[in-house]
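Novice: Sharing a structure here in C-alpha cells format.
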Amino acid sequence: MTGDTTGRHLAVPPKIEFRNVDLHYFSTKGETHAVSDMNFTVNKGEFISIVGQSGCGKSTLLSLLCGLMQSTSGQVLIDGKPVKGPSPQVGFMLQHDSLFEWRTILENALLGPEIRGMDMPAARARAERILTNYGLGQFLHHRPTQLSGGMRQRAALGRTMCMEPDILLLDEPFSALDFQTRMSISEEIGEIIRREGKTAILVTHDIPEAIAMADRVIVLSPRPGRLKNIHDITFPSLGEVRPGCMAVRDAEEFKDYFHTIWTEMESDG
Amino acid sequence: MADTTPNATPSVAYQNWAARQGRARRKVIVGRLLLLLGFLALWEYAPRNGMVNPMLTSYPSAVWDGFWDLIAQGKLGLHIGVTLMEVMISFAIAMILGTAIAICLWLSPMLERVLDPFLVVLNALPKIALVPIFYIWLGPTGSIYAVAIAVALFITILMLYTGFNQSDPNKIKLAKTLGAGQVQILTKVILPGNVHTFMATLKANVGLSLVGVIVGEFQASKAGLGYLIVYGSQIFRMDMVMAAIVILSLISVGIYLIVQKAEAILTR
C-alpha cells in the first residue's frame, strides 16, 4: 500500500474467499450434502477454473458466490465481506444465454440496469459502447433470434458487463456452442476478461478449456464436493507474457496439466 | 449469421417450385368453396324435393329471406348489439379477473397450493349446470353475465397460471443474478414471456364467452341472438333460427380474427 505513513500495514482481504463452507440441500426426497469444508481464495484479477465430475457442486459454488443461495455453515466472502445476496459487483454468465427474445440486443443488455434502477441514459450509452466493442454494433436493434450462437453469447457477455461487475462467474457458458464457435468465443471472452482486469471463475466439464483460460485450476471431488487440488497454470516455455487461450493449447506444459488433472478426476472412480 | 436472404434473381427451378406452391394454394381455396357451395346446394335441393322435411331443416333461400325479414322488423341490430355487449363485457371481466388471480397464485405458491383442488373442481364442473341457480340469485340479466364469466374464468386462471409456471427457469435465474425480486421477475420475465399464452387464452375465451352468453339468453332474456334462437324454435320459424346461428358464427369468427390481428401486432 502506498501512502501509508503510519507504518500500519492493512491486510488487503482476497477478492474472493471460501471459508469452511458447507452446504446441504433439502428436498422432499431427503438431504443432500453438496459441498463440504470448502476453503480457497481468489486474488483480484485472477482467472480460476473449477473442474470436477457432474454433481460435484461446481455450479453450487457459483450460486453461493452470487448470493442465490446461502451456505449451511462457513462463510463466502467478497472483499472480506460476507455475500448476502446478488450484487451488481458480481456478474453471472450461464450456460444458456437466456436472452429475452421479446427484447432487442440493446434492450437485453439494459435488463440489469433496469432491474437495479440505474441511470438509464448512462447505462444505454455504456451498453451501446460495450456491445459495439464486442462486434455487435450493427445488431443493437436486432432480436436474439436473428443472431448466431457465438453472437448471442457475446450479447450475453455484454449484458453482464453492462452492470460493470468486477467479478465474473462463468457457468459453462460455452458448452451449448458448436466446437468452432466455442474455441473462438472462449478465446475472445477470455481476452476481454483479462484486458479489463476482471476476477473470474469458470466452471466447466472441459479440462482443456479450464487449463487454456485459467491462472489456476481447482479440482473438486465427487459429491459432497471437496477441494481436491489446486494447480497453478503457467507456461514457461512460451515466455514471460502468457499468450491467448488458443496458443497455450500447443504448449508442452498443456499436455502435462491435462494428464495430471484428468488422472485426478478419474481416480475418484 | 443465419443468412436467409433470397437470391436476387430466382432460378428456373425456384420459379417452378413457386408456381407449384401457388397452384396448391389455389386448389385448397377452390376445394373450400366447392365444399361450401355443395353443402348449400344440397341443403337447398333436398328440402325442396321432399327428401327431408323443410319444416325441420329450412333451406338457404328461406334463411336468406328470414334474415331480411328480421332486418325489416328493425330488431336485428338490437339482438346483435345485446349479445355482442354481453359477450364483450363478460369476456373482458373474465380475462381481467382471471389474469389478476393467476398473478396472485404465481406470487403466492402457498395460496396456489391451498386453492389448487378447488380450482380443478370448479374448472371441471360444467358451468352450464349453474344457470338455474344464477337465474334465481341474479335475475335474467345478471345470470347471463354470471354464466359467461364462470364459463371463461377458471380456464383463464388455469391456462395463465400453467403458462407462468412453465416460464424458462434459466431466464428467471438470470433475472435473479441481476438482482430481480419477485415482482420484477413477474414484470420482466413472466408477463412478457407469456404473451402467447395470453393470446391463446383470449382465443379460447372468445368461444367460451359466446357459449355462456347464448346459454344465459336461452334461460331468460328479452333480446339477443340466444333469445332469437329460442323464440324462433318455439314458433317453428327454422329460417329465423338458422339466420341467428349464421350471424352468431360470423360474430365469433369476427372476434377471433380481431384477437388474431392483435396477437400478430403484439408478438411482432
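To be explicit about the labels: the chains of the C-alpha cells are called A, B, and onward in the order shown, and within each one the residues are counted from 1, while ligands get numbers from 1 in the order they are shown.
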Find the nearest atom pair between each residue of chain B and chain A for residues within 12 Å, count only C-alpha atoms, give distances in Å to one decimal, sort rows by chain and ascending number, and present the table as CSV.

Specialist:
residue,atom,partner,partner_atom,distance
B:Met1,CA,A:Ser148,CA,4.9
B:Ala2,CA,A:Ser148,CA,6.5
B:Asp3,CA,A:Gln146,CA,9.1
B:Thr4,CA,A:Gln146,CA,10.2
B:Ser167,CA,A:Phe100,CA,11.5
B:Asp168,CA,A:Ser98,CA,8.4
B:Pro169,CA,A:Ser98,CA,9.4
B:Asn170,CA,A:Ser98,CA,6.2
B:Lys171,CA,A:Ser98,CA,5.3
B:Ile172,CA,A:Ser98,CA,9.0
B:Lys173,CA,A:Leu68,CA,8.6
B:Leu174,CA,A:Ser98,CA,7.2
B:Ala175,CA,A:Gly112,CA,7.8
B:Lys176,CA,A:Pro86,CA,7.3
B:Thr177,CA,A:Pro86,CA,5.6
B:Leu178,CA,A:Gly112,CA,5.3
B:Gly179,CA,A:Pro86,CA,5.3
B:Ala180,CA,A:Ile115,CA,5.9
B:Gly181,CA,A:Ile115,CA,8.7
B:Gln182,CA,A:Ile115,CA,11.3
B:Val183,CA,A:Ile115,CA,10.4
B:Gln184,CA,A:Ile115,CA,7.0
B:Ile185,CA,A:Ile115,CA,9.2
B:Leu186,CA,A:Ile115,CA,11.7
B:Thr187,CA,A:Ile115,CA,10.2
B:Lys188,CA,A:Leu111,CA,8.3
B:Val189,CA,A:Phe100,CA,8.0
B:Ile190,CA,A:Phe100,CA,10.9
B:Leu191,CA,A:Trp102,CA,11.0
B:Pro192,CA,A:Trp102,CA,7.2
B:Gly193,CA,A:Trp102,CA,7.5
B:Asn194,CA,A:Trp102,CA,10.3
B:Val195,CA,A:Trp102,CA,9.6
B:His196,CA,A:Trp102,CA,11.2
B:Leu266,CA,A:Trp102,CA,10.0
B:Thr267,CA,A:Trp102,CA,7.9
B:Arg268,CA,A:Trp102,CA,8.6

Novice: Using only N, CA and C atoms, please write the residues we just selected to a file, as a short mmCIF file (atom, residue, chain, number, x, y, z; two decimals), in the first residue's frame.

Specialist:
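To be explicit, this is the file written out as out33.cif:
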data_model
loop_
_atom_site.label_atom_id
_atom_site.label_comp_id
_atom_site.auth_asym_id
_atom_site.auth_seq_id
_atom_site.Cartn_x
_atom_site.Cartn_y
_atom_site.Cartn_z
N MET B 1 -24.04 -16.06 -38.63
CA MET B 1 -25.35 -15.47 -39.01
C MET B 1 -26.15 -16.44 -39.86
N ALA B 2 -27.43 -16.53 -39.51
CA ALA B 2 -28.33 -17.32 -40.35
C ALA B 2 -28.78 -16.42 -41.49
N ASP B 3 -28.13 -16.58 -42.64
CA ASP B 3 -28.45 -15.70 -43.77
C ASP B 3 -29.52 -16.36 -44.63
N THR B 4 -30.71 -15.80 -44.60
CA THR B 4 -31.81 -16.40 -45.36
C THR B 4 -32.31 -15.44 -46.43
N SER B 167 -42.55 -20.87 -17.49
CA SER B 167 -41.58 -19.89 -17.97
C SER B 167 -40.17 -20.47 -17.82
N ASP B 168 -39.30 -20.08 -18.72
CA ASP B 168 -37.94 -20.58 -18.76
C ASP B 168 -37.20 -20.35 -17.43
N PRO B 169 -36.86 -21.43 -16.70
CA PRO B 169 -36.19 -21.26 -15.40
C PRO B 169 -34.84 -20.56 -15.55
N ASN B 170 -34.20 -20.72 -16.72
CA ASN B 170 -32.90 -20.05 -16.92
C ASN B 170 -33.06 -18.54 -16.96
N LYS B 171 -34.14 -18.07 -17.58
CA LYS B 171 -34.38 -16.62 -17.63
C LYS B 171 -34.67 -16.09 -16.22
N ILE B 172 -35.41 -16.89 -15.44
CA ILE B 172 -35.71 -16.45 -14.07
C ILE B 172 -34.42 -16.39 -13.25
N LYS B 173 -33.57 -17.42 -13.42
CA LYS B 173 -32.30 -17.44 -12.69
C LYS B 173 -31.45 -16.23 -13.08
N LEU B 174 -31.42 -15.97 -14.39
CA LEU B 174 -30.64 -14.84 -14.88
C LEU B 174 -31.14 -13.54 -14.24
N ALA B 175 -32.46 -13.35 -14.24
CA ALA B 175 -33.02 -12.12 -13.65
C ALA B 175 -32.64 -12.03 -12.17
N LYS B 176 -32.62 -13.19 -11.49
CA LYS B 176 -32.23 -13.18 -10.07
C LYS B 176 -30.78 -12.75 -9.90
N THR B 177 -29.90 -13.26 -10.80
CA THR B 177 -28.49 -12.88 -10.67
C THR B 177 -28.31 -11.38 -10.89
N LEU B 178 -29.24 -10.77 -11.65
CA LEU B 178 -29.16 -9.33 -11.87
C LEU B 178 -29.85 -8.55 -10.76
N GLY B 179 -30.35 -9.29 -9.76
CA GLY B 179 -30.91 -8.63 -8.58
C GLY B 179 -32.41 -8.48 -8.58
N ALA B 180 -33.12 -9.17 -9.49
CA ALA B 180 -34.56 -9.00 -9.56
C ALA B 180 -35.26 -9.69 -8.39
N GLY B 181 -36.25 -9.00 -7.83
CA GLY B 181 -37.11 -9.60 -6.81
C GLY B 181 -38.30 -10.26 -7.50
N GLN B 182 -39.21 -10.76 -6.67
CA GLN B 182 -40.36 -11.49 -7.20
C GLN B 182 -41.20 -10.66 -8.16
N VAL B 183 -41.47 -9.39 -7.80
CA VAL B 183 -42.32 -8.55 -8.64
C VAL B 183 -41.63 -8.23 -9.96
N GLN B 184 -40.32 -7.99 -9.90
CA GLN B 184 -39.58 -7.70 -11.14
C GLN B 184 -39.49 -8.93 -12.03
N ILE B 185 -39.37 -10.11 -11.42
CA ILE B 185 -39.38 -11.34 -12.23
C ILE B 185 -40.72 -11.44 -12.94
N LEU B 186 -41.78 -11.07 -12.23
CA LEU B 186 -43.12 -11.09 -12.84
C LEU B 186 -43.20 -10.13 -14.02
N THR B 187 -42.77 -8.89 -13.81
CA THR B 187 -42.96 -7.88 -14.86
C THR B 187 -41.94 -7.99 -15.99
N LYS B 188 -40.73 -8.49 -15.69
CA LYS B 188 -39.69 -8.52 -16.72
C LYS B 188 -39.60 -9.88 -17.42
N VAL B 189 -39.95 -10.96 -16.72
CA VAL B 189 -39.78 -12.28 -17.32
C VAL B 189 -41.12 -12.97 -17.57
N ILE B 190 -41.92 -13.11 -16.53
CA ILE B 190 -43.13 -13.95 -16.61
C ILE B 190 -44.15 -13.34 -17.57
N LEU B 191 -44.52 -12.08 -17.36
CA LEU B 191 -45.58 -11.49 -18.18
C LEU B 191 -45.16 -11.32 -19.65
N PRO B 192 -44.01 -10.68 -19.93
CA PRO B 192 -43.65 -10.56 -21.36
C PRO B 192 -43.38 -11.91 -22.01
N GLY B 193 -42.98 -12.90 -21.23
CA GLY B 193 -42.70 -14.22 -21.79
C GLY B 193 -43.97 -15.02 -22.04
N ASN B 194 -45.12 -14.50 -21.59
CA ASN B 194 -46.36 -15.26 -21.72
C ASN B 194 -47.39 -14.57 -22.60
N VAL B 195 -46.93 -13.70 -23.48
CA VAL B 195 -47.87 -13.05 -24.40
C VAL B 195 -48.61 -14.10 -25.23
N HIS B 196 -47.88 -15.15 -25.63
CA HIS B 196 -48.51 -16.21 -26.43
C HIS B 196 -49.58 -16.94 -25.63
N LEU B 266 -48.91 -7.70 -31.37
CA LEU B 266 -48.23 -7.77 -30.08
C LEU B 266 -46.98 -8.65 -30.10
N THR B 267 -46.96 -9.65 -30.98
CA THR B 267 -45.84 -10.59 -30.94
C THR B 267 -44.92 -10.42 -32.14
N ARG B 268 -44.94 -9.24 -32.74
CA ARG B 268 -44.05 -8.98 -33.87
C ARG B 268 -42.61 -9.24 -33.51
#

Novice: Report as a list in words all protein, DNA and RNA residues lying within 8 Å of stretch 84-89 of chain B, evaluated on only C-alpha atoms, omitting residues in the same chain fewer than 3 positions from it.

Specialist: Ile80, Gly81, Ala92, Ile93, Ile144, Tyr145, Ala148, Ser209, Leu210 and Val213 of chain B

Novice: Based on the backbone DSSP call, show me all residues of stretch 13-235 of chain A assigned strand (DSSP E), as an MDAnalysis selection string.

Specialist: chainID A and resid 16:27 30:42 47:51 73:78 81:82 90:93 167:171 199:203 216:220 227:232

Novice: Which value, in Å to one decimal, gives the distance between atom CA of B:Lys203 and atom CA of B:Val63?

Specialist: 28.8 Å

Novice: Record the distance separating atom CA of A:Val248 and atom CA of A:Gln180, expressed in Å with one decimal.

Specialist: 16.8 Å

Novice: Find the spatial neighbours of A:Ile211, counting only C-alpha atoms, within a cut-off of 10 Å - ignore same-chain residues fewer than 2 positions away - and output them as a PyMOL selection string.

Specialist: chain A and resi 48-51+206-209+213-217+231-234+245+248-249+254-255+257-258+261

Novice: Keeping only N, CA and C atoms, write the selected residues as a PDB file, in the first residue's frame.

Specialist:
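Below is the file that was written, again.pdb:
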ATOM      1  N   ILE A  48      -9.820 -18.201 -12.449  1.00  0.00           N
ATOM      2  CA  ILE A  48      -9.826 -19.534 -11.847  1.00  0.00           C
ATOM      3  C   ILE A  48     -10.781 -20.427 -12.624  1.00  0.00           C
ATOM      4  N   SER A  49     -10.366 -21.659 -12.886  1.00  0.00           N
ATOM      5  CA  SER A  49     -11.301 -22.646 -13.438  1.00  0.00           C
ATOM      6  C   SER A  49     -11.589 -23.689 -12.376  1.00  0.00           C
ATOM      7  N   ILE A  50     -12.829 -24.138 -12.332  1.00  0.00           N
ATOM      8  CA  ILE A  50     -13.191 -25.217 -11.422  1.00  0.00           C
ATOM      9  C   ILE A  50     -13.660 -26.400 -12.247  1.00  0.00           C
ATOM     10  N   VAL A  51     -13.022 -27.565 -12.059  1.00  0.00           N
ATOM     11  CA  VAL A  51     -13.448 -28.769 -12.772  1.00  0.00           C
ATOM     12  C   VAL A  51     -13.790 -29.857 -11.762  1.00  0.00           C
ATOM     13  N   ASP A 206     -14.938 -29.227 -19.357  1.00  0.00           N
ATOM     14  CA  ASP A 206     -13.951 -29.341 -20.410  1.00  0.00           C
ATOM     15  C   ASP A 206     -12.574 -29.008 -19.842  1.00  0.00           C
ATOM     16  N   ILE A 207     -11.771 -30.052 -19.592  1.00  0.00           N
ATOM     17  CA  ILE A 207     -10.467 -29.820 -18.947  1.00  0.00           C
ATOM     18  C   ILE A 207      -9.557 -28.926 -19.796  1.00  0.00           C
ATOM     19  N   PRO A 208      -9.421 -29.179 -21.121  1.00  0.00           N
ATOM     20  CA  PRO A 208      -8.575 -28.284 -21.921  1.00  0.00           C
ATOM     21  C   PRO A 208      -9.015 -26.825 -21.829  1.00  0.00           C
ATOM     22  N   GLU A 209     -10.318 -26.600 -21.855  1.00  0.00           N
ATOM     23  CA  GLU A 209     -10.835 -25.231 -21.744  1.00  0.00           C
ATOM     24  C   GLU A 209     -10.446 -24.623 -20.390  1.00  0.00           C
ATOM     25  N   MET A 213      -7.841 -21.292 -20.209  1.00  0.00           N
ATOM     26  CA  MET A 213      -8.313 -19.974 -19.811  1.00  0.00           C
ATOM     27  C   MET A 213      -7.776 -19.491 -18.472  1.00  0.00           C
ATOM     28  N   ALA A 214      -7.326 -20.417 -17.609  1.00  0.00           N
ATOM     29  CA  ALA A 214      -7.144 -20.041 -16.209  1.00  0.00           C
ATOM     30  C   ALA A 214      -5.702 -19.828 -15.767  1.00  0.00           C
ATOM     31  N   ASP A 215      -5.561 -19.080 -14.654  1.00  0.00           N
ATOM     32  CA  ASP A 215      -4.289 -18.972 -13.953  1.00  0.00           C
ATOM     33  C   ASP A 215      -4.131 -20.137 -12.991  1.00  0.00           C
ATOM     34  N   ARG A 216      -5.278 -20.579 -12.453  1.00  0.00           N
ATOM     35  CA  ARG A 216      -5.255 -21.733 -11.557  1.00  0.00           C
ATOM     36  C   ARG A 216      -6.467 -22.598 -11.845  1.00  0.00           C
ATOM     37  N   VAL A 217      -6.278 -23.917 -11.726  1.00  0.00           N
ATOM     38  CA  VAL A 217      -7.404 -24.839 -11.897  1.00  0.00           C
ATOM     39  C   VAL A 217      -7.665 -25.540 -10.575  1.00  0.00           C
ATOM     40  N   HIS A 231      -4.137 -26.360  -9.063  1.00  0.00           N
ATOM     41  CA  HIS A 231      -2.965 -26.341  -9.941  1.00  0.00           C
ATOM     42  C   HIS A 231      -2.698 -24.925 -10.430  1.00  0.00           C
ATOM     43  N   ASP A 232      -1.450 -24.474 -10.248  1.00  0.00           N
ATOM     44  CA  ASP A 232      -1.057 -23.210 -10.880  1.00  0.00           C
ATOM     45  C   ASP A 232      -0.766 -23.496 -12.336  1.00  0.00           C
ATOM     46  N   ILE A 233      -1.358 -22.710 -13.211  1.00  0.00           N
ATOM     47  CA  ILE A 233      -1.145 -22.951 -14.633  1.00  0.00           C
ATOM     48  C   ILE A 233      -0.199 -21.879 -15.183  1.00  0.00           C
ATOM     49  N   THR A 234       1.014 -22.295 -15.512  1.00  0.00           N
ATOM     50  CA  THR A 234       1.949 -21.347 -16.132  1.00  0.00           C
ATOM     51  C   THR A 234       2.586 -22.048 -17.330  1.00  0.00           C
ATOM     52  N   CYS A 245      -5.703 -18.072 -25.295  1.00  0.00           N
ATOM     53  CA  CYS A 245      -6.169 -19.419 -24.946  1.00  0.00           C
ATOM     54  C   CYS A 245      -5.863 -20.429 -26.036  1.00  0.00           C
ATOM     55  N   VAL A 248      -1.865 -21.403 -26.087  1.00  0.00           N
ATOM     56  CA  VAL A 248      -1.342 -22.215 -24.986  1.00  0.00           C
ATOM     57  C   VAL A 248      -1.670 -23.691 -25.167  1.00  0.00           C
ATOM     58  N   ARG A 249      -2.679 -23.963 -26.005  1.00  0.00           N
ATOM     59  CA  ARG A 249      -3.051 -25.370 -26.221  1.00  0.00           C
ATOM     60  C   ARG A 249      -1.917 -26.148 -26.889  1.00  0.00           C
ATOM     61  N   PHE A 254       0.933 -27.942 -21.508  1.00  0.00           N
ATOM     62  CA  PHE A 254      -0.510 -28.138 -21.595  1.00  0.00           C
ATOM     63  C   PHE A 254      -0.880 -29.610 -21.416  1.00  0.00           C
ATOM     64  N   LYS A 255      -0.146 -30.470 -22.150  1.00  0.00           N
ATOM     65  CA  LYS A 255      -0.429 -31.910 -22.100  1.00  0.00           C
ATOM     66  C   LYS A 255      -0.247 -32.458 -20.686  1.00  0.00           C
ATOM     67  N   TYR A 257      -0.458 -30.782 -17.816  1.00  0.00           N
ATOM     68  CA  TYR A 257      -1.556 -30.339 -16.955  1.00  0.00           C
ATOM     69  C   TYR A 257      -2.792 -31.191 -17.210  1.00  0.00           C
ATOM     70  N   PHE A 258      -3.070 -31.392 -18.497  1.00  0.00           N
ATOM     71  CA  PHE A 258      -4.257 -32.162 -18.857  1.00  0.00           C
ATOM     72  C   PHE A 258      -4.189 -33.558 -18.235  1.00  0.00           C
ATOM     73  N   ILE A 261      -4.594 -33.514 -14.357  1.00  0.00           N
ATOM     74  CA  ILE A 261      -5.957 -33.205 -13.893  1.00  0.00           C
ATOM     75  C   ILE A 261      -6.915 -34.338 -14.259  1.00  0.00           C
TER      76      ILE A 261
END

Novice: Select from stretch 65-260 of chain A everything DSSP, run on the backbone, classes as helix (DSSP H, G or I), then give the selection as a ChimeraX atom specification.

Specialist: /A:65-66,105-109,111-116,120-133,137-139,144-146,149-161,179-195,207-213,236-238,245-248,252-260

Novice: If you count only C-alpha atoms, which residues fall within 9 Å of stretch 119-131 of chain A, apart from same-chain ones fewer than 5 positions away, as a ChimeraX atom specification?

Specialist: /A:105-107,109-110,113-114,136-137,139-140,154-155,157-159,161-163

Novice: Write out as a ChimeraX atom specification each polymer residue whose atoms come within 9 Å of stretch 70-75 of chain A, counting only C-alpha atoms; drop sequence neighbours fewer than 6 positions from it.

Specialist: /A:17-25,35,37-38,63-64,82-85

Novice: I'd like to know which of A:Glu188, A:Lys228, A:Gln153, A:Ala34 is closest to A:Ser175, using only C-alpha atoms.

Specialist: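 Residue with the minimum atom-to-atom distance to A:Ser175: A:Gln153.
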
Novice: Taking into account only C-alpha atoms, which residue in the set B:Leu225, B:Ala24, B:Ile265, B:Met51 is nearest to B:Ala244?

Specialist: B:Leu225

Novice: Using only C-alpha atoms, determine which residues lie at most 9 Å from A:Arg194, disregarding the query and same-chain residues fewer than 4 positions distant; provide the list as a list in words.

Specialist: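 In the requested form, the answer reads Gly45, Glu46, Phe47, Ile189, Gly190, Lys198, Thr199 and Ala200 of chain A.
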
Novice: Given the selection you just returned, output its residues as a file containing N, CA and C atoms, formatted as a short mmCIF file (atom, residue, chain, number, x, y, z; two decimals), in the first residue's frame.

Specialist:
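File produced: again.cif:
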data_model
loop_
_atom_site.label_atom_id
_atom_site.label_comp_id
_atom_site.auth_asym_id
_atom_site.auth_seq_id
_atom_site.Cartn_x
_atom_site.Cartn_y
_atom_site.Cartn_z
N GLY A 45 -8.21 -9.96 -10.11
CA GLY A 45 -7.67 -10.08 -11.46
C GLY A 45 -7.29 -11.49 -11.85
N GLU A 46 -7.50 -12.44 -10.94
CA GLU A 46 -7.15 -13.83 -11.25
C GLU A 46 -8.26 -14.50 -12.03
N PHE A 47 -7.89 -15.48 -12.86
CA PHE A 47 -8.87 -16.29 -13.59
C PHE A 47 -8.76 -17.72 -13.08
N ILE A 189 -13.64 -14.10 -25.23
CA ILE A 189 -14.17 -13.69 -23.93
C ILE A 189 -13.06 -13.72 -22.88
N GLY A 190 -12.20 -14.75 -22.96
CA GLY A 190 -11.07 -14.80 -22.05
C GLY A 190 -10.20 -13.56 -22.19
N LYS A 198 -10.81 -8.17 -14.86
CA LYS A 198 -11.85 -8.74 -14.01
C LYS A 198 -11.33 -9.99 -13.30
N THR A 199 -11.91 -10.26 -12.15
CA THR A 199 -11.66 -11.52 -11.47
C THR A 199 -12.72 -12.49 -11.99
N ALA A 200 -12.28 -13.70 -12.38
CA ALA A 200 -13.26 -14.59 -12.99
C ALA A 200 -13.13 -16.01 -12.47
#

Novice: Could you state the separation of atom CA of A:Ser59 and atom CA of A:Val203 in Å, given to one decimal place?

Specialist: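 Computed distance, atom CA of A:Ser59 to atom CA of A:Val203, equals 6.7 Å.
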
Novice: Name the closest residue to A:Val12 among the candidates A:Glu253, A:Asp79, A:Asp171, A:Glu240; distances are taken between atoms, counting only C-alpha atoms.

Specialist: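 Using only C-alpha atoms, the shortest distance to A:Val12 belongs to A:Asp79.
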